[in-house]
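Visitor: After the structure tokens below, expect a handful of questions from me.
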Amino acid sequence: MLTQSTFAFIGGGNMATALIGGLRKRGVPASAIQAVDPFADARQRLSADFGIATADAPHAGLRAADVLVLAVKPQQFREACAALAPHLGDSLVISVAAGIRLTDLSRWLNGHSRVVRAMPNTPALAGMGMTGLAGPTGLPAADRDMASAVANAVGKSLWVADDAQIDAVTAISGSGPAYVFYFIEAMQRAATELGLSAEQGRALAVETFVGAATLAGESPEAVSTLRERVTSKGGTTYAALTAMADAGMGDAFVRAMQAAAARGREMGEEFGRQ
Ligand SMILES: NC(=O)C1=CN([C@@H]2O[C@H](COP(=O)(O)OP(=O)(O)OC[C@H]3O[C@@H](n4cnc5c(N)ncnc54)[C@H](OP(=O)(O)O)[C@@H]3O)[C@@H](O)[C@H]2O)C=CC1
Ligand SMILES: O=C(O)[C@@H]1CCC=N1
């Protein structure tokens, strides 16, 4: 499916780079991918890394794209749609922007209905992304399959029932890598305070995340059971988890994700009002 199709990216930053890299790895030829970005450095990097054609503004050639991926910042989104609209053909349009609602995306593209809202994450750069997807009622099955295939080129994906749930996906897995990095940083700091080097701390923390996440992914057991199995009675893990509970970390963590989801909804209002 992917190798028979043509792709255009509007915005050539982090997310576009991850997705273009994934498509190339899946065998999509460079000649089937193009990108638009006003930033000369971004264009140069994309041509050097992937050998794809780039342009500084939307143009008639975009009509030929089977799939158009909108990967600009939410603040730049409406303007990017306005510039794209005169050159939009019948492409499937996939937006990866946080907060931007499907109804606004469609409205800004003059009622275009072949639209999908996607929320990937930066592990996509390592081919281990997780992407949430939502589409309008009546989205053709072929468009759903294509959006899944694009997302799966950089990892895994799941569909949610409606657009609003993408704000929840954003709070959990879209922003999620930052929470993991935050914990790795804290573990690294603790390691140095406990007499290990920063490099040793990083290696221990990273491998622990990789190992624990792999175990949780492979095991049919509840995650709480996996946690309990580490926690020997009266032992070190119990001491650590008690300190975390005393500090209210679990609740604080849930509140943090509620704040992220609320910000996503707020961005939808803020940028969708225009
Ligand atoms: N980073 C992340 O973890 C995730 C990000 N996202 C979403 O992905 C989107 C892109 O994020 P990211 O890749 O990190 O951002 P970047 O800033 O890396 O990339 C955006 C690029 O788009 C360019 N641009 C600005 N205006 C236009 C325009 N009108 N037409 C074409 N290109 C334009 C920017 O140029 P310039 O720099 O000159 O403005 C920049 O090069 C955002 O909407 C974000 O919400 C989704 C999931 C995760
Ligand atoms: O912080 C943000 O708004 C974007 C969306 C998910 C990750 N980064």
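If you're wondering about the labels, chains in the structure tokens are A, B, ... by order shown, residues count from 1 in each chain, ligands from 1 in order shown.
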What do you get as a list of chain:residue names if you pick all residues at most 10 Å from ligand 2, counting only C-alpha atoms and all ligand atoms?

Guide: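 The neighbouring residues of ligand 2 are, in order, A:Met15, A:Lys73, A:Pro74, A:Val96, A:Ala97, A:Ala98, A:Gly99, A:Met119, A:Pro120, A:Asn121, A:Thr122, A:Asp167, A:Val169, A:Thr170, A:Ala171, A:Ile172, A:Ser173, A:Gly174, A:Ser175, A:Gly176, A:Pro177, A:Ala178, A:Ala260, A:Arg263, A:Gly264, A:Met267.
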
Visitor: Which residues are close to stretch 245-255 of chain A, i.e. within 12 Å by only C-alpha atoms, leaving aside same-chain residues fewer than 2 positions away? Reply as a list in words.

Guide: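 Contacts, in chain order: Ala168, Ala171, Ile172, Gly176, Tyr179, Val180, Tyr182, Phe183, Tyr238, Ala239, Ala240, Leu241, Thr242, Ala243, Met257, Gln258, Ala259, Ala260, Ala261 and Ala262 of chain A.
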
Visitor: What would the file look like if the residues just selected were written as a short mmCIF file (atom, residue, chain, number, x, y, z; two decimals), in the first residue's frame with N, CA and C atoms?

Guide:
```
data_model
loop_
_atom_site.label_atom_id
_atom_site.label_comp_id
_atom_site.auth_asym_id
_atom_site.auth_seq_id
_atom_site.Cartn_x
_atom_site.Cartn_y
_atom_site.Cartn_z
N ALA A 168 -6.74 13.11 25.03
CA ALA A 168 -6.31 12.15 26.06
C ALA A 168 -5.07 11.39 25.59
N ALA A 171 -2.10 13.50 26.01
CA ALA A 171 -1.65 13.60 27.41
C ALA A 171 -0.90 12.35 27.85
N ILE A 172 -1.28 11.18 27.31
CA ILE A 172 -0.65 9.94 27.76
C ILE A 172 0.62 9.63 26.93
N GLY A 176 4.01 11.78 26.58
CA GLY A 176 4.55 10.75 27.48
C GLY A 176 6.06 10.58 27.48
N TYR A 179 7.70 12.56 30.06
CA TYR A 179 7.58 12.09 31.45
C TYR A 179 8.66 11.03 31.72
N VAL A 180 8.85 10.15 30.74
CA VAL A 180 9.84 9.09 30.90
C VAL A 180 11.24 9.69 31.02
N TYR A 182 11.95 12.60 32.09
CA TYR A 182 11.98 13.27 33.40
C TYR A 182 12.37 12.26 34.48
N PHE A 183 11.76 11.08 34.42
CA PHE A 183 12.10 10.04 35.40
C PHE A 183 13.52 9.53 35.22
N TYR A 238 9.93 -1.59 48.62
CA TYR A 238 8.87 -1.13 49.52
C TYR A 238 9.24 0.23 50.12
N ALA A 239 10.51 0.38 50.49
CA ALA A 239 10.96 1.66 51.06
C ALA A 239 10.81 2.77 50.03
N ALA A 240 11.18 2.49 48.79
CA ALA A 240 11.09 3.52 47.74
C ALA A 240 9.63 3.86 47.42
N LEU A 241 8.78 2.83 47.28
CA LEU A 241 7.38 3.08 46.91
C LEU A 241 6.64 3.80 48.05
N THR A 242 7.03 3.50 49.29
CA THR A 242 6.41 4.19 50.43
C THR A 242 6.79 5.68 50.39
N ALA A 243 8.05 5.97 50.08
CA ALA A 243 8.48 7.38 49.96
C ALA A 243 7.71 8.08 48.84
N MET A 257 -1.20 14.61 33.88
CA MET A 257 -1.78 14.22 32.59
C MET A 257 -3.13 14.87 32.36
N GLN A 258 -3.86 15.11 33.46
CA GLN A 258 -5.12 15.86 33.31
C GLN A 258 -4.82 17.28 32.82
N ALA A 259 -3.72 17.86 33.33
CA ALA A 259 -3.33 19.21 32.89
C ALA A 259 -2.97 19.21 31.40
N ALA A 260 -2.28 18.16 30.97
CA ALA A 260 -1.90 18.08 29.54
C ALA A 260 -3.14 17.97 28.67
N ALA A 261 -4.10 17.12 29.08
CA ALA A 261 -5.33 16.96 28.29
C ALA A 261 -6.12 18.27 28.26
N ALA A 262 -6.16 18.95 29.42
CA ALA A 262 -6.89 20.23 29.48
C ALA A 262 -6.23 21.26 28.56
#
```

Visitor: According to DSSP computed on the backbone, where in stretch 24-253 of chain A is there alpha helix (DSSP H)? Give the residues as a ChimeraX atom specification.

Guide: /A:24-25,40-50,74-84,102-108,141-152,165-169,176-193,198-218,223-230,236-246,249-253

Visitor: When distances are computed from only C-alpha atoms and all ligand atoms, which of A:Gly111, A:Thr131, A:Asp90, A:Ala32 shows the smallest separation from ligand 1?

Guide: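 Smallest distance to ligand 1 is found for A:Thr131.
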
Visitor: Would you please extract all strand (DSSP E) residues from stretch 5-95 of chain A, as assigned by DSSP on the backbone, and give them as a count of residues only?

Guide: 19

Visitor: With only C-alpha atoms and all ligand atoms as the basis for distance, which of A:Ser106, A:Asn152, A:Gln44, A:Thr6 is at the shortest distance from ligand 1?

Guide: A:Gln44

Visitor: Which one is closest to ligand 1: A:Pro123, A:Ser31, A:Ser113, A:Ala48? Count only C-alpha atoms and all ligand atoms.

Guide: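 When distances to ligand 1 are compared using only C-alpha atoms and all ligand atoms, the smallest one comes from A:Pro123.
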
Visitor: If you count only C-alpha atoms, which residues fall within 12 Å of A:Arg107, apart from same-chain ones fewer than 5 positions away, as a list of chain:residue names?

Guide: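 The neighbour list is A:Arg78, A:Cys81, A:Ala82, A:Ala85, A:Ile100, A:Arg101, A:Leu102, A:His112, A:Ser113, A:Arg114, A:Val115, A:Gly272, A:Arg273, A:Gln274.
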
Visitor: So, counting only C-alpha atoms, which residue among A:Leu158, A:Ala151, A:Ala35, A:Leu2 is closest to A:Ile52?

Guide: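 Smallest separation from A:Ile52 among the options: A:Ala35.
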
Visitor: Using only C-alpha atoms and all ligand atoms, find the one residue out of A:Phe271, A:Ala256, A:Arg26, A:Arg227 that sits nearest to ligand 1.

Guide: A:Phe271

Visitor: Could you check which of A:Met130, A:Ala53, A:Ala65, A:Leu109 is closest to ligand 1, using only C-alpha atoms and all ligand atoms?

Guide: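 Ranking A:Met130, A:Ala53, A:Ala65, A:Leu109 by distance to ligand 1, first place goes to A:Met130.
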
Visitor: Kindly give the distance, in Å, that separates atom CA of A:Ile184 and atom CA of A:Gly201, rounded to a single decimal.

Guide: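 Here the two named atoms are 8.7 Å from each other.
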
Visitor: Atom CA of A:Pro29 to atom 29 (N, counted along the ligand's line) of ligand 1: how many Å, to one decimal?

Guide: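 About the pair atom CA of A:Pro29 and atom 29 (N, counted along the ligand's line) of ligand 1: they are 25.2 Å apart.
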